[in-house]
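Engineer: Here it is, the structure in full.
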Amino acid sequence: MRFNFLAAQYTKCSDFDIFKLTFQQNDSLPKGYHVPEMNRKLKTAAFYDLEGTLVRTNLVHTLAFYAKRQQGLWQTAKASVGTLAKLPFFGITDLYSRNVFNEVFFRSYEGYSHDRLRYFSEELFEEVLKPAVYDGTQELINAGKKIGQRQVVLTGALDFTIDRLMNYLGIDDYKANCLEFVNGYATGRVLPPIMASATKAKWIREYAERENINLSESYAYSDSISDLPMLSIVGHPVAVNPDFRLKQTAMQHDWAILDLK
């Protein structure tokens, strides 16, 4: 079954004041639905969060993957146990501030070899990220491409961990976090800007101005209330697999709500 992306934005549920995906056997719009004409002088884009939106994994899954691939059994055990011990702290800082979480979380990479991180990135894609792509992700991206939207991902993940995934999904541009390396080893510091919350919105505005993107006719997709600034600056915000707070916000503002799982 293929779903019609445009119909998903204009078909209301009968029982709830939200939008849903409509699944159809073809790519035609239901009779009677009107698609607004896009500004011919400006381009449009679809801006996506990644973790929880397009894939079911999060930053901890990637850290755990690398922790299990240290040099030697002792280093592997030490890194794995350390990651597990930090999980409650990560959860608390994430609730407090996504920016603070990113700064604290990436300190766990201190001392990791740049070459080793790069070396295992392909295995990370094949074993962890690729199997975690939601069933509806690829069709959503393909449908956006079909109507001429540039596909852009903004994520708090590290750039080298998702490069292969971005190619696999057919993403046109992406912005991720970048670790600082000195003499080939990670310092645990993330180079600014840290991609989270309001920083994503700021980056989108700058990207739109540089690339001549019409934000009023563009879309943004996220699963988390932390991305409210990013969702609020486009004409078509979409809550994807939303957490409770984002779902409530989407319902209040009549935003589209999609389930890609």
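Scheme for the structure tokens: letters A, B, ... for chains in order shown; per-chain residue numbers from 1; ligand numbers from 1 in order shown.
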Could you pull out all residues of segment 83-253 of chain A with a DSSP call of helix (DSSP H, G or I) and give them as a PyMOL selection string?
Structural biologist: chain A and resi 83-96+98-109+114-119+121-132+137-146+159-169+198-211+215-217+225-232+244-252
Engineer: When you draw a straight line from atom CA of Tyr185 of chain A to atom CA of Asp159 of chain A, how long is it in Å?
Structural biologist: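 Between atom CA of Tyr185 of chain A and atom CA of Asp159 of chain A the gap is 15.6 Å.
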Engineer: From the options A:Tyr174, A:Tyr134, A:Phe181, A:Phe160, which residue's atoms come nearest to Leu258 of chain A, counting only C-alpha atoms?
Structural biologist: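 Looking only at the distances to Leu258 of chain A, the closest residue turns out to be A:Tyr134.
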Engineer: Atom CA of Leu158 of chain A and atom CA of Ala45 of chain A, how far apart in Å?
Structural biologist: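 Distance between the two atoms: 22.5 Å.
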Engineer: Measuring between only C-alpha atoms, which one of A:His236, A:Thr161, A:Gly170, A:Trp255 shows the shortest distance to Asn214 of chain A?
Structural biologist: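 When distances to Asn214 of chain A are compared using only C-alpha atoms, the smallest one comes from A:His236.
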Engineer: Which neighbours of segment 200-210 of chain A fall inside 8 Å, counting only C-alpha atoms, when residues of the same chain fewer than 2 positions from it are skipped, and could you give them as an MDAnalysis selection string?
Structural biologist: chainID A and resid 154 195:198 212:215 227 229:231 233
Engineer: Could you state the separation of atom CA of His61 of chain A and atom CA of Ala256 of chain A in Å, given to one decimal place?
Structural biologist: 28.6 Å
Engineer: Please extract the residues of segment 43-252 of chain A with a backbone DSSP assignment of strand (DSSP E) and present them as a ChimeraX atom specification.
Structural biologist: /A:45-48,150-158,173-182,185-191,219-222,236-240
Engineer: When you look at Asn167 of chain A with a cut-off of 12 Å (counting only C-alpha atoms), what residues show up, excluding the ones that are within fewer than 4 positions of it in the same chain? I need them as a PyMOL selection string.
Structural biologist: chain A and resi 122+125+130+138+151-153+161-163+171-174
Engineer: Within 10 Å of segment 111-115 of chain A, counting only C-alpha atoms, which residues show up once you throw out same-chain ones fewer than 5 positions away? Write them as a list of chain:residue names, please.
Structural biologist: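 The residues that qualify are A:Tyr66, A:Ala67, A:Gln70, A:Phe120, A:Phe160, A:Leu179, A:Glu180, A:Phe181, A:Val182, A:Asn183, A:Gly184, A:Tyr185, A:Ala186, A:Thr187, A:Gly188.
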Engineer: Would you output that residue set with N, CA and C atoms, as a PDB file, in the first residue's frame?
Structural biologist:
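Below you can see out.pdb, which holds the result:
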```pdb
ATOM      1  N   TYR A  66      29.206   2.129  20.087  1.00  0.00           N
ATOM      2  CA  TYR A  66      30.642   2.390  20.116  1.00  0.00           C
ATOM      3  C   TYR A  66      31.294   1.911  21.409  1.00  0.00           C
ATOM      4  N   ALA A  67      30.537   1.952  22.505  1.00  0.00           N
ATOM      5  CA  ALA A  67      31.091   1.492  23.780  1.00  0.00           C
ATOM      6  C   ALA A  67      31.458   0.013  23.725  1.00  0.00           C
ATOM      7  N   GLN A  70      35.343  -1.013  21.833  1.00  0.00           N
ATOM      8  CA  GLN A  70      36.599  -0.444  22.280  1.00  0.00           C
ATOM      9  C   GLN A  70      37.733  -1.449  22.066  1.00  0.00           C
ATOM     10  N   PHE A 120      33.942   2.269  12.249  1.00  0.00           N
ATOM     11  CA  PHE A 120      32.761   1.497  12.612  1.00  0.00           C
ATOM     12  C   PHE A 120      31.447   2.155  12.171  1.00  0.00           C
ATOM     13  N   PHE A 160      29.406  12.072  11.506  1.00  0.00           N
ATOM     14  CA  PHE A 160      29.961  10.854  10.916  1.00  0.00           C
ATOM     15  C   PHE A 160      29.104   9.618  11.185  1.00  0.00           C
ATOM     16  N   LEU A 179      31.899  16.686  16.652  1.00  0.00           N
ATOM     17  CA  LEU A 179      32.826  16.560  17.779  1.00  0.00           C
ATOM     18  C   LEU A 179      34.137  17.286  17.477  1.00  0.00           C
ATOM     19  N   GLU A 180      34.747  17.807  18.517  1.00  0.00           N
ATOM     20  CA  GLU A 180      36.078  18.381  18.386  1.00  0.00           C
ATOM     21  C   GLU A 180      37.109  17.265  18.574  1.00  0.00           C
ATOM     22  N   PHE A 181      38.085  17.219  17.679  1.00  0.00           N
ATOM     23  CA  PHE A 181      39.163  16.240  17.768  1.00  0.00           C
ATOM     24  C   PHE A 181      40.505  16.971  17.861  1.00  0.00           C
ATOM     25  N   VAL A 182      41.354  16.508  18.748  1.00  0.00           N
ATOM     26  CA  VAL A 182      42.706  17.052  18.883  1.00  0.00           C
ATOM     27  C   VAL A 182      43.681  15.881  18.797  1.00  0.00           C
ATOM     28  N   ASN A 183      44.604  15.983  17.844  1.00  0.00           N
ATOM     29  CA  ASN A 183      45.580  14.910  17.616  1.00  0.00           C
ATOM     30  C   ASN A 183      44.908  13.554  17.379  1.00  0.00           C
ATOM     31  N   GLY A 184      43.738  13.597  16.724  1.00  0.00           N
ATOM     32  CA  GLY A 184      43.065  12.367  16.348  1.00  0.00           C
ATOM     33  C   GLY A 184      42.147  11.768  17.398  1.00  0.00           C
ATOM     34  N   TYR A 185      41.964  12.465  18.540  1.00  0.00           N
ATOM     35  CA  TYR A 185      41.123  11.936  19.604  1.00  0.00           C
ATOM     36  C   TYR A 185      40.068  12.968  20.020  1.00  0.00           C
ATOM     37  N   ALA A 186      38.879  12.481  20.339  1.00  0.00           N
ATOM     38  CA  ALA A 186      37.777  13.371  20.712  1.00  0.00           C
ATOM     39  C   ALA A 186      38.022  14.006  22.074  1.00  0.00           C
ATOM     40  N   THR A 187      37.735  15.294  22.162  1.00  0.00           N
ATOM     41  CA  THR A 187      37.867  15.997  23.433  1.00  0.00           C
ATOM     42  C   THR A 187      36.598  15.880  24.275  1.00  0.00           C
ATOM     43  N   GLY A 188      35.498  15.436  23.653  1.00  0.00           N
ATOM     44  CA  GLY A 188      34.217  15.394  24.344  1.00  0.00           C
ATOM     45  C   GLY A 188      33.442  16.688  24.191  1.00  0.00           C
TER      46      GLY A 188
END
```
Engineer: A:Gln252, A:Asn58, A:Thr199, A:Gln149: which is nearest Ala220 of chain A, counting only C-alpha atoms?
Structural biologist: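 Between A:Gln252, A:Asn58, A:Thr199, A:Gln149, the residue approaching Ala220 of chain A most closely is A:Gln149.
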Engineer: For Thr44 of chain A, which residue among A:Asn177, A:Asp259, A:Asp243, A:Lys146 is the nearest when counting only C-alpha atoms?
Structural biologist: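 That would be A:Lys146, the residue with the smallest distance to Thr44 of chain A.
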Engineer: Pick out the closest residue to Tyr109 of chain A from this set: A:Val60, A:Val128, A:Ile257, A:Ile147. Count only C-alpha atoms.
Structural biologist: A:Val60
